[in-house]
Each structure stands twice: as C-alpha cells, then as structure tokens.
Amino acid sequence: MAFISINGVEHYYEWITADNGDRPTGKPVMVFLHGWAGSARYWESTARALSGEFDCLLYDMRGFGRSRLPKEPIESSYELKTYARDLARLLTALNLNRVFVNAHSTGASIATLFLNLYPEKVEKAILTCSGIFEYDEKAFAAFHKFGGYVVKFRPPWLASIPLVDRLFMARFLYRSLPSDVSLAFLQDFLMADRQAAMGTMVTAVSKKAAEEMPGEFSRLSVPTLLVAGEFDRIIPAIMGQQAAALSEQVEFVIIPKTAHFPMLEDAATYLQRIRDFLPAAA
C-alpha cells in the first residue's frame with residue numbers, strides 16, 4: 001500500500017506487474033482512472049490481465065477510495081480539470097514521462113481533459129463508457145437534487161444488509177457480477193468523501209460540461225478508443241458514438257450484452273478490443 005502527496009491530498013496508488021512487484025519493470029505503463037464514487041480496485045482484474053504487456057498503475061482520485069481528504073481544511077476544487085492536473089502531478093512525481101491511459105465513466109471525462117492538456121504525456125487512450133450529452137435544465141436539477149439525497153444518506157450499516165449490493169449495482173449492469181465485486185462497489189460508494197462526491201457530481205453533469213465536452217472531444221489529437229456497453233443506461237452507447245464522431249482520432253466500439261461496466265461484464269471481449277487497438281504496445 002503506497003501513498004503520495006498530490007496537491008495536499010495523500011493519494012493511494014499501486015503497481016500491478018507481471019512479477020507482482022511494487023515498482024514498474026520497464027514495460028510500457030498503462031494508467032487506470034476510475035469513475036464517480038468508485039476506486040481503482042474495480043480495475044484490478046483488467047490490470048492483471050494486461051500485466052504481461054504493461055506495467056499497470058492504479059490510483060484512487062482525491063476524495064475517493066483510499067485517497068482520503070485531510071481533516072484539516074484545504075483549498076480544494078472538484079472541477080474535472082483539477083483532477084486532470086492531479087494526474088499530471090502524479091505522473092511527474094513517479095517519473096513517468098509518457099503513458100497509456102484507460103479511464104472509465106467520470107474518469108473518462110477527466111481523461112479527455114487530460115489528453116488535451118497534456119497530449120505529450122500519452123501514447124494512446126481508452127475511454128470506457130464516455131460520451132457527450134445535451135443540457136436539460138430541469139433534468140439536471142432533478143438529478144442533482146436526487147443525487148444529493150443519495151450522497152447524504154449513506155449509513156455504513158447499509159453494506160451489511162443481505163443482497164443490497166446487488167440492488168445497488170442493478171442499474172449499472174446487464175450481467176450480474178459476483179457478490180464480492182458488487183459489495184466492493186457499494187463499500188467504495190459508502191466511503192467516498194461527501195464533498196468530493198457532491199462536487200464531482202455537479203461538475204460532471206452540468207451546463208458547463210454539456211457545452212465544453214463536445215469541443216474537448218473534437219480537439220483530441222491522441223489516438224483514442226471509445227468503448228461503450230450496448231445496454232448502458234448511465235451513459236448510453238449513442239452518447240459515445242456521438243462523441244467519437246467528433247474526432248478522426250477516436251475509434252468507437254460497442255461491447256454487446258454489457259452495460260456500464262463492460263470490462264467486468266464481458267472481460268474477454270473487452271480485453272480483445274483493447275489488444276486490437278494496441279497491437280504494438282508490448
């Protein structure tokens with residue numbers, strides 16, 4: 001278990017490598033970004049599957065997972081660009097000059113900003129379950145209000161209720177996951193910092209994001225694969241297709257019979273699509 005201070009927050013990170021060591025072995029590095037209220041641990045199985053070709057760097061973003069915010073107040077922004085700059089400083093601190101990026105959901109929005117802010121740092125990128133959306137004032141207001149209630153009401157004992165993890169994950173999945181995996185998602189959600197969860201929810205789903213993200217996709221200069229789940233209700237595949245159409249640098253694929261976590265729902269197909277995109281990565 002390793003931590004490194006980035007912008008006043010101790011960030012958890014770990015290496016997953018073929019030799020099971022705690023440092024890179026010299027292979028190309030792939031960095032994984034998790035989604036809203038999650039942590040890097042749901043990327044572990046994907047990283048292990050790719051560790052023969054890459055040294056895989058997993059980390060928890062500020063306020064999520066094991067990257068806890070300090071008890072003492074600090075100046076903190078929950079703009080997605082702040083998280084993109086966190087990643088840049090993490091790479092600098094770990095002496096990583098150029099990497100591959102694999103990011104999911106809100107993490108993929110952060111990664112898109114990162115690709116445009118620091119294109120020289122990235123070889124290729126995979127954006128999983130990402131896209132663009134139109135602004136709807138009433139729908140966004142309702143989403144933020146309901147999301148606020150959900151974030152505020154998170155008693156720790158919720159994770160001890162039988163089958164509640166499956167109910168929690170049902171909206172995100174087309175295929176169910178093992179109970180221990182679903183429970184880990186629920187535990188990550190329960191431990192997410194309230195300010196970080198609320199702040200990123202509001203900035204990721206906002207008028208500003210709806211107006212700016214199409215331009216961010218159109219400016220991409222890094223070769224990028226955008227992966228969508230066929231039955232994703234959180235970020236429908238059509239949103240990913242519309243985003244991919246904005247740039248010649250973006251390839252678009254749909255993984256059939258999956259939803260918001262195609263890397264877990266159909267790992268074999270997901271890994272094959274990545275390897276097809278990265279034939280010369282190893």
# chains A, B, ... in the order shown; residues from 1 in each chain; ligands from 1

$ residues_around --residues "A:Asp136" --least-positions-apart "3" --cutoff "12 Å" --atoms "only C-alpha atoms" --output "list in words"
Phe133, Ala139, Phe140, Ala141, Ala142, Phe143, Val205, Ser206, Lys207, Lys208, Ala209, Ala210 and Glu211 of chain A

$ select_by_dssp --residues "stretch 39-278 of chain A" --states "helix (DSSP H, G or I)" --output "VMD selection string"
chain A and resid 40 to 50 80 to 93 106 to 117 119 to 121 137 to 152 156 to 160 164 to 172 179 to 191 194 to 204 207 to 218 237 to 244 262 to 265 267 to 277

$ write_last_selection --atoms "C-alpha atoms" --output "compact mmCIF listing (two decimals), in the first residue's frame"
# COMPACT_ATOMS: atom_id res chain seq x y z
CA ALA A 40 -9.10 1.75 -8.50
CA ARG A 41 -9.90 -1.68 -7.13
CA TYR A 42 -12.55 -2.42 -9.76
CA TRP A 43 -9.78 -2.10 -12.37
CA GLU A 44 -7.61 -4.76 -10.71
CA SER A 45 -8.77 -7.73 -12.78
CA THR A 46 -8.31 -5.80 -16.04
CA ALA A 47 -4.86 -4.65 -14.96
CA ARG A 48 -3.78 -8.17 -14.03
CA ALA A 49 -4.94 -9.44 -17.41
CA LEU A 50 -2.83 -6.76 -19.14
CA LEU A 80 -12.73 17.87 -13.58
CA LYS A 81 -9.67 19.79 -14.79
CA THR A 82 -8.38 19.79 -11.21
CA TYR A 83 -8.46 16.00 -11.28
CA ALA A 84 -6.71 16.02 -14.65
CA ARG A 85 -3.95 18.17 -13.16
CA ASP A 86 -3.74 15.80 -10.19
CA LEU A 87 -2.94 13.02 -12.65
CA ALA A 88 -0.25 15.11 -14.34
CA ARG A 89 1.42 15.77 -10.98
CA LEU A 90 1.16 12.10 -10.05
CA LEU A 91 2.98 11.10 -13.22
CA THR A 92 5.67 13.71 -12.60
CA ALA A 93 6.13 12.56 -9.01
CA THR A 106 -16.44 10.26 -14.97
CA GLY A 107 -12.79 9.21 -15.01
CA ALA A 108 -13.03 9.12 -18.80
CA SER A 109 -14.25 12.73 -18.84
CA ILE A 110 -11.26 13.65 -16.68
CA ALA A 111 -9.01 11.68 -19.02
CA THR A 112 -10.38 13.51 -22.07
CA LEU A 113 -9.40 16.82 -20.47
CA PHE A 114 -6.01 15.36 -19.55
CA LEU A 115 -5.40 14.25 -23.15
CA ASN A 116 -5.92 17.79 -24.38
CA LEU A 117 -3.99 19.47 -21.56
CA PRO A 119 -1.04 15.29 -25.15
CA GLU A 120 2.73 14.86 -24.98
CA LYS A 121 2.31 12.57 -21.96
CA GLU A 137 -32.10 22.36 -17.03
CA LYS A 138 -35.00 20.55 -15.36
CA ALA A 139 -33.48 17.09 -15.74
CA PHE A 140 -30.11 18.24 -14.41
CA ALA A 141 -31.71 19.99 -11.44
CA ALA A 142 -33.69 16.86 -10.60
CA PHE A 143 -30.58 14.71 -10.96
CA HIS A 144 -28.57 16.93 -8.62
CA LYS A 145 -31.38 17.03 -6.06
CA PHE A 146 -31.85 13.27 -6.05
CA GLY A 147 -28.07 12.69 -6.14
CA GLY A 148 -27.68 14.99 -3.16
CA TYR A 149 -30.11 12.90 -1.13
CA VAL A 150 -28.30 9.71 -2.13
CA VAL A 151 -24.90 11.10 -1.14
CA LYS A 152 -26.19 12.42 2.20
CA PRO A 156 -22.25 2.42 6.99
CA TRP A 157 -24.63 -0.38 8.04
CA LEU A 158 -26.15 -0.38 4.55
CA ALA A 159 -23.42 -2.76 3.36
CA SER A 160 -24.47 -5.37 5.92
CA VAL A 164 -28.36 -4.77 -1.02
CA ASP A 165 -25.14 -4.76 -3.05
CA ARG A 166 -26.94 -6.44 -5.95
CA LEU A 167 -29.78 -3.92 -5.74
CA PHE A 168 -27.22 -1.10 -5.65
CA MET A 169 -25.50 -2.35 -8.82
CA ALA A 170 -28.60 -3.40 -10.77
CA ARG A 171 -28.95 -0.12 -12.67
CA PHE A 172 -25.32 -0.26 -13.79
CA SER A 179 -21.26 -10.77 -4.79
CA ASP A 180 -17.81 -9.78 -3.55
CA VAL A 181 -17.34 -7.48 -6.55
CA SER A 182 -20.75 -5.84 -6.13
CA LEU A 183 -20.15 -5.40 -2.41
CA ALA A 184 -16.81 -3.68 -3.11
CA PHE A 185 -18.64 -1.13 -5.29
CA LEU A 186 -21.12 -0.43 -2.51
CA GLN A 187 -18.32 -0.08 0.05
CA ASP A 188 -16.47 2.39 -2.18
CA PHE A 189 -19.64 4.44 -2.55
CA LEU A 190 -20.22 4.49 1.20
CA MET A 191 -16.67 5.65 1.95
CA ARG A 194 -19.17 13.79 0.78
CA GLN A 195 -17.66 16.99 -0.62
CA ALA A 196 -15.82 15.16 -3.38
CA ALA A 197 -18.87 13.09 -4.31
CA MET A 198 -21.17 16.12 -4.43
CA GLY A 199 -18.61 18.35 -6.12
CA THR A 200 -17.73 15.97 -8.94
CA MET A 201 -21.37 15.02 -9.50
CA VAL A 202 -22.28 18.67 -10.04
CA THR A 203 -19.30 19.45 -12.29
CA ALA A 204 -19.54 16.28 -14.40
CA LYS A 207 -24.41 23.01 -18.32
CA LYS A 208 -20.70 23.78 -18.49
CA ALA A 209 -19.79 20.15 -19.16
CA ALA A 210 -22.53 19.80 -21.77
CA GLU A 211 -21.21 22.88 -23.57
CA GLU A 212 -17.49 22.15 -23.26
CA MET A 213 -17.10 18.38 -23.69
CA PRO A 214 -18.02 18.29 -27.41
CA GLY A 215 -15.18 20.73 -28.04
CA GLU A 216 -12.82 18.63 -25.93
CA PHE A 217 -13.63 15.53 -27.99
CA SER A 218 -13.22 17.42 -31.26
CA ALA A 237 -23.90 4.00 -26.32
CA ILE A 238 -25.36 6.66 -28.62
CA MET A 239 -23.67 9.33 -26.48
CA GLY A 240 -20.34 7.63 -27.01
CA GLN A 241 -20.96 7.28 -30.73
CA GLN A 242 -21.75 10.99 -30.99
CA ALA A 243 -18.57 11.88 -29.10
CA ALA A 244 -16.41 9.60 -31.25
CA PRO A 262 -18.12 -3.88 -19.89
CA MET A 263 -14.62 -4.59 -18.57
CA LEU A 264 -16.21 -6.74 -15.84
CA GLU A 265 -19.36 -7.96 -17.54
CA ALA A 267 -13.82 -9.21 -19.75
CA ALA A 268 -12.71 -11.42 -22.65
CA THR A 269 -14.29 -9.24 -25.34
CA TYR A 270 -13.20 -6.04 -23.64
CA LEU A 271 -9.57 -7.18 -23.46
CA GLN A 272 -9.63 -8.32 -27.08
CA ARG A 273 -10.86 -4.90 -28.23
CA ILE A 274 -8.07 -3.22 -26.28
CA ARG A 275 -5.43 -5.54 -27.71
CA ASP A 276 -6.76 -4.96 -31.23
CA PHE A 277 -6.33 -1.22 -30.63

$ residues_around --residues "A:Pro70" --least-positions-apart "5" --cutoff "10 Å" --atoms "only C-alpha atoms" --output "JSON, numbers by chain"
{"A": [8, 9, 10, 63]}

$ write_last_selection --atoms "C-alpha atoms" --output "CSV table (one decimal), in the first residue's frame"
chain,number,residue,atom,x,y,z
A,8,GLY,CA,-2.3,18.5,-0.3
A,9,VAL,CA,-4.0,15.1,-0.6
A,10,GLU,CA,-2.4,11.7,0.1
A,63,GLY,CA,-11.7,12.1,-2.0

$ atom_distance --atom1 "atom CA of A:Arg98" --atom2 "atom CA of A:Arg219"
19.5 Å

$ residues_around --residues "A:Arg62" --least-positions-apart "4" --cutoff "7 Å" --atoms "only C-alpha atoms" --output "list in words"
Val9, His11, Ser67, Arg68 and Leu69 of chain A

$ write_last_selection --atoms "N, CA and C atoms" --output "mmCIF file, in the first residue's frame"
data_model
loop_
_atom_site.group_PDB
_atom_site.id
_atom_site.type_symbol
_atom_site.label_atom_id
_atom_site.label_comp_id
_atom_site.auth_asym_id
_atom_site.auth_seq_id
_atom_site.Cartn_x
_atom_site.Cartn_y
_atom_site.Cartn_z
ATOM 1 N N VAL A 9 -3.264 16.275 -0.863
ATOM 2 C CA VAL A 9 -4.023 15.056 -0.574
ATOM 3 C C VAL A 9 -3.126 13.839 -0.755
ATOM 4 N N HIS A 11 -2.564 10.545 -1.981
ATOM 5 C CA HIS A 11 -3.197 9.705 -2.999
ATOM 6 C C HIS A 11 -2.690 8.273 -2.901
ATOM 7 N N SER A 67 -7.882 7.468 -1.104
ATOM 8 C CA SER A 67 -7.298 8.818 -1.162
ATOM 9 C C SER A 67 -8.180 9.774 -0.375
ATOM 10 N N ARG A 68 -8.068 9.687 0.949
ATOM 11 C CA ARG A 68 -8.941 10.449 1.837
ATOM 12 C C ARG A 68 -8.537 11.914 1.892
ATOM 13 N N LEU A 69 -9.514 12.792 1.982
ATOM 14 C CA LEU A 69 -9.212 14.203 2.175
ATOM 15 C C LEU A 69 -8.742 14.420 3.610
#

$ decode --residues "stretch 36-85 of chain A" --atoms "N, CA and C atoms" --output "PDB file, in the first residue's frame"
ATOM      1  N   TRP A  36     -17.031   7.845 -10.919  1.00  0.00           N
ATOM      2  CA  TRP A  36     -17.567   8.575  -9.769  1.00  0.00           C
ATOM      3  C   TRP A  36     -17.858   7.639  -8.604  1.00  0.00           C
ATOM      4  N   ALA A  37     -17.414   8.049  -7.425  1.00  0.00           N
ATOM      5  CA  ALA A  37     -17.656   7.340  -6.162  1.00  0.00           C
ATOM      6  C   ALA A  37     -17.108   5.925  -6.150  1.00  0.00           C
ATOM      7  N   GLY A  38     -16.177   5.640  -7.044  1.00  0.00           N
ATOM      8  CA  GLY A  38     -15.550   4.323  -7.067  1.00  0.00           C
ATOM      9  C   GLY A  38     -14.122   4.387  -6.561  1.00  0.00           C
ATOM     10  N   SER A  39     -13.355   3.373  -6.907  1.00  0.00           N
ATOM     11  CA  SER A  39     -11.931   3.353  -6.581  1.00  0.00           C
ATOM     12  C   SER A  39     -11.219   2.490  -7.609  1.00  0.00           C
ATOM     13  N   ALA A  40      -9.903   2.492  -7.527  1.00  0.00           N
ATOM     14  CA  ALA A  40      -9.103   1.748  -8.502  1.00  0.00           C
ATOM     15  C   ALA A  40      -9.299   0.245  -8.403  1.00  0.00           C
ATOM     16  N   ARG A  41      -9.878  -0.229  -7.299  1.00  0.00           N
ATOM     17  CA  ARG A  41      -9.898  -1.680  -7.131  1.00  0.00           C
ATOM     18  C   ARG A  41     -10.782  -2.394  -8.143  1.00  0.00           C
ATOM     19  N   TYR A  42     -11.769  -1.705  -8.757  1.00  0.00           N
ATOM     20  CA  TYR A  42     -12.554  -2.418  -9.763  1.00  0.00           C
ATOM     21  C   TYR A  42     -11.796  -2.580 -11.081  1.00  0.00           C
ATOM     22  N   TRP A  43     -10.634  -1.922 -11.193  1.00  0.00           N
ATOM     23  CA  TRP A  43      -9.780  -2.104 -12.366  1.00  0.00           C
ATOM     24  C   TRP A  43      -8.769  -3.239 -12.177  1.00  0.00           C
ATOM     25  N   GLU A  44      -8.684  -3.818 -10.995  1.00  0.00           N
ATOM     26  CA  GLU A  44      -7.606  -4.760 -10.706  1.00  0.00           C
ATOM     27  C   GLU A  44      -7.588  -5.956 -11.650  1.00  0.00           C
ATOM     28  N   SER A  45      -8.744  -6.538 -11.924  1.00  0.00           N
ATOM     29  CA  SER A  45      -8.767  -7.728 -12.779  1.00  0.00           C
ATOM     30  C   SER A  45      -8.339  -7.393 -14.204  1.00  0.00           C
ATOM     31  N   THR A  46      -8.734  -6.224 -14.699  1.00  0.00           N
ATOM     32  CA  THR A  46      -8.305  -5.797 -16.036  1.00  0.00           C
ATOM     33  C   THR A  46      -6.798  -5.574 -16.062  1.00  0.00           C
ATOM     34  N   ALA A  47      -6.289  -4.914 -15.023  1.00  0.00           N
ATOM     35  CA  ALA A  47      -4.857  -4.648 -14.959  1.00  0.00           C
ATOM     36  C   ALA A  47      -4.054  -5.938 -14.895  1.00  0.00           C
ATOM     37  N   ARG A  48      -4.512  -6.895 -14.123  1.00  0.00           N
ATOM     38  CA  ARG A  48      -3.781  -8.171 -14.032  1.00  0.00           C
ATOM     39  C   ARG A  48      -3.763  -8.891 -15.376  1.00  0.00           C
ATOM     40  N   ALA A  49      -4.875  -8.797 -16.100  1.00  0.00           N
ATOM     41  CA  ALA A  49      -4.939  -9.440 -17.411  1.00  0.00           C
ATOM     42  C   ALA A  49      -3.990  -8.785 -18.413  1.00  0.00           C
ATOM     43  N   LEU A  50      -3.704  -7.495 -18.216  1.00  0.00           N
ATOM     44  CA  LEU A  50      -2.831  -6.763 -19.136  1.00  0.00           C
ATOM     45  C   LEU A  50      -1.392  -6.651 -18.643  1.00  0.00           C
ATOM     46  N   SER A  51      -1.104  -7.197 -17.465  1.00  0.00           N
ATOM     47  CA  SER A  51       0.220  -7.004 -16.867  1.00  0.00           C
ATOM     48  C   SER A  51       1.338  -7.717 -17.632  1.00  0.00           C
ATOM     49  N   GLY A  52       0.993  -8.640 -18.517  1.00  0.00           N
ATOM     50  CA  GLY A  52       2.021  -9.237 -19.358  1.00  0.00           C
ATOM     51  C   GLY A  52       2.539  -8.275 -20.398  1.00  0.00           C
ATOM     52  N   GLU A  53       1.704  -7.293 -20.769  1.00  0.00           N
ATOM     53  CA  GLU A  53       2.088  -6.312 -21.789  1.00  0.00           C
ATOM     54  C   GLU A  53       2.425  -4.945 -21.212  1.00  0.00           C
ATOM     55  N   PHE A  54       1.876  -4.629 -20.036  1.00  0.00           N
ATOM     56  CA  PHE A  54       2.041  -3.304 -19.443  1.00  0.00           C
ATOM     57  C   PHE A  54       2.375  -3.403 -17.958  1.00  0.00           C
ATOM     58  N   ASP A  55       3.094  -2.406 -17.472  1.00  0.00           N
ATOM     59  CA  ASP A  55       3.144  -2.148 -16.043  1.00  0.00           C
ATOM     60  C   ASP A  55       1.935  -1.271 -15.746  1.00  0.00           C
ATOM     61  N   CYS A  56       1.021  -1.745 -14.912  1.00  0.00           N
ATOM     62  CA  CYS A  56      -0.261  -1.079 -14.713  1.00  0.00           C
ATOM     63  C   CYS A  56      -0.267  -0.261 -13.427  1.00  0.00           C
ATOM     64  N   LEU A  57      -0.581   1.013 -13.553  1.00  0.00           N
ATOM     65  CA  LEU A  57      -0.633   1.924 -12.411  1.00  0.00           C
ATOM     66  C   LEU A  57      -2.085   2.236 -12.088  1.00  0.00           C
ATOM     67  N   LEU A  58      -2.498   1.864 -10.881  1.00  0.00           N
ATOM     68  CA  LEU A  58      -3.836   2.160 -10.394  1.00  0.00           C
ATOM     69  C   LEU A  58      -3.740   3.198  -9.285  1.00  0.00           C
ATOM     70  N   TYR A  59      -4.691   4.123  -9.245  1.00  0.00           N
ATOM     71  CA  TYR A  59      -4.715   5.086  -8.138  1.00  0.00           C
ATOM     72  C   TYR A  59      -6.144   5.530  -7.872  1.00  0.00           C
ATOM     73  N   ASP A  60      -6.368   5.956  -6.634  1.00  0.00           N
ATOM     74  CA  ASP A  60      -7.674   6.488  -6.231  1.00  0.00           C
ATOM     75  C   ASP A  60      -7.628   8.007  -6.304  1.00  0.00           C
ATOM     76  N   MET A  61      -8.615   8.600  -6.963  1.00  0.00           N
ATOM     77  CA  MET A  61      -8.647  10.051  -7.095  1.00  0.00           C
ATOM     78  C   MET A  61      -9.018  10.732  -5.778  1.00  0.00           C
ATOM     79  N   ARG A  62      -8.670  11.981  -5.666  1.00  0.00           N
ATOM     80  CA  ARG A  62      -8.858  12.714  -4.410  1.00  0.00           C
ATOM     81  C   ARG A  62     -10.292  12.632  -3.902  1.00  0.00           C
ATOM     82  N   GLY A  63     -10.418  12.214  -2.641  1.00  0.00           N
ATOM     83  CA  GLY A  63     -11.727  12.132  -2.015  1.00  0.00           C
ATOM     84  C   GLY A  63     -12.452  10.821  -2.252  1.00  0.00           C
ATOM     85  N   PHE A  64     -11.813   9.888  -2.973  1.00  0.00           N
ATOM     86  CA  PHE A  64     -12.456   8.614  -3.265  1.00  0.00           C
ATOM     87  C   PHE A  64     -11.552   7.457  -2.865  1.00  0.00           C
ATOM     88  N   GLY A  65     -12.184   6.310  -2.587  1.00  0.00           N
ATOM     89  CA  GLY A  65     -11.400   5.127  -2.233  1.00  0.00           C
ATOM     90  C   GLY A  65     -10.504   5.407  -1.048  1.00  0.00           C
ATOM     91  N   ARG A  66      -9.237   5.104  -1.228  1.00  0.00           N
ATOM     92  CA  ARG A  66      -8.266   5.246  -0.148  1.00  0.00           C
ATOM     93  C   ARG A  66      -7.561   6.595  -0.144  1.00  0.00           C
ATOM     94  N   SER A  67      -7.882   7.468  -1.104  1.00  0.00           N
ATOM     95  CA  SER A  67      -7.298   8.818  -1.162  1.00  0.00           C
ATOM     96  C   SER A  67      -8.180   9.774  -0.375  1.00  0.00           C
ATOM     97  N   ARG A  68      -8.068   9.687   0.949  1.00  0.00           N
ATOM     98  CA  ARG A  68      -8.941  10.449   1.837  1.00  0.00           C
ATOM     99  C   ARG A  68      -8.537  11.914   1.892  1.00  0.00           C
ATOM    100  N   LEU A  69      -9.514  12.792   1.982  1.00  0.00           N
ATOM    101  CA  LEU A  69      -9.212  14.203   2.175  1.00  0.00           C
ATOM    102  C   LEU A  69      -8.742  14.420   3.610  1.00  0.00           C
ATOM    103  N   PRO A  70      -7.794  15.337   3.812  1.00  0.00           N
ATOM    104  CA  PRO A  70      -7.296  15.571   5.174  1.00  0.00           C
ATOM    105  C   PRO A  70      -8.369  16.185   6.065  1.00  0.00           C
ATOM    106  N   LYS A  71      -8.261  15.951   7.370  1.00  0.00           N
ATOM    107  CA  LYS A  71      -9.217  16.530   8.312  1.00  0.00           C
ATOM    108  C   LYS A  71      -9.089  18.039   8.368  1.00  0.00           C
ATOM    109  N   GLU A  72      -7.854  18.529   8.215  1.00  0.00           N
ATOM    110  CA  GLU A  72      -7.655  19.968   8.202  1.00  0.00           C
ATOM    111  C   GLU A  72      -8.150  20.523   6.871  1.00  0.00           C
ATOM    112  N   PRO A  73      -8.896  21.632   6.887  1.00  0.00           N
ATOM    113  CA  PRO A  73      -9.417  22.198   5.634  1.00  0.00           C
ATOM    114  C   PRO A  73      -8.285  22.571   4.677  1.00  0.00           C
ATOM    115  N   ILE A  74      -8.469  22.255   3.401  1.00  0.00           N
ATOM    116  CA  ILE A  74      -7.523  22.666   2.365  1.00  0.00           C
ATOM    117  C   ILE A  74      -8.321  23.302   1.241  1.00  0.00           C
ATOM    118  N   GLU A  75      -7.647  24.135   0.461  1.00  0.00           N
ATOM    119  CA  GLU A  75      -8.298  24.695  -0.710  1.00  0.00           C
ATOM    120  C   GLU A  75      -8.422  23.575  -1.728  1.00  0.00           C
ATOM    121  N   SER A  76      -9.640  23.218  -2.070  1.00  0.00           N
ATOM    122  CA  SER A  76      -9.842  22.091  -2.971  1.00  0.00           C
ATOM    123  C   SER A  76     -10.935  22.405  -3.972  1.00  0.00           C
ATOM    124  N   SER A  77     -10.659  22.073  -5.226  1.00  0.00           N
ATOM    125  CA  SER A  77     -11.630  22.240  -6.289  1.00  0.00           C
ATOM    126  C   SER A  77     -12.068  20.871  -6.778  1.00  0.00           C
ATOM    127  N   TYR A  78     -13.324  20.765  -7.145  1.00  0.00           N
ATOM    128  CA  TYR A  78     -13.821  19.495  -7.675  1.00  0.00           C
ATOM    129  C   TYR A  78     -14.158  19.610  -9.151  1.00  0.00           C
ATOM    130  N   GLU A  79     -13.559  20.628  -9.797  1.00  0.00           N
ATOM    131  CA  GLU A  79     -13.641  20.718 -11.248  1.00  0.00           C
ATOM    132  C   GLU A  79     -12.887  19.535 -11.849  1.00  0.00           C
ATOM    133  N   LEU A  80     -13.364  19.026 -12.972  1.00  0.00           N
ATOM    134  CA  LEU A  80     -12.726  17.865 -13.577  1.00  0.00           C
ATOM    135  C   LEU A  80     -11.298  18.180 -14.029  1.00  0.00           C
ATOM    136  N   LYS A  81     -11.038  19.424 -14.400  1.00  0.00           N
ATOM    137  CA  LYS A  81      -9.672  19.790 -14.791  1.00  0.00           C
ATOM    138  C   LYS A  81      -8.718  19.712 -13.605  1.00  0.00           C
ATOM    139  N   THR A  82      -9.225  19.934 -12.403  1.00  0.00           N
ATOM    140  CA  THR A  82      -8.383  19.789 -11.210  1.00  0.00           C
ATOM    141  C   THR A  82      -7.923  18.342 -11.076  1.00  0.00           C
ATOM    142  N   TYR A  83      -8.823  17.415 -11.341  1.00  0.00           N
ATOM    143  CA  TYR A  83      -8.462  16.001 -11.277  1.00  0.00           C
ATOM    144  C   TYR A  83      -7.495  15.628 -12.400  1.00  0.00           C
ATOM    145  N   ALA A  84      -7.645  16.255 -13.553  1.00  0.00           N
ATOM    146  CA  ALA A  84      -6.706  16.019 -14.650  1.00  0.00           C
ATOM    147  C   ALA A  84      -5.301  16.511 -14.271  1.00  0.00           C
ATOM    148  N   ARG A  85      -5.250  17.637 -13.591  1.00  0.00           N
ATOM    149  CA  ARG A  85      -3.946  18.165 -13.162  1.00  0.00           C
ATOM    150  C   ARG A  85      -3.357  17.319 -12.032  1.00  0.00           C
TER     151      ARG A  85
END
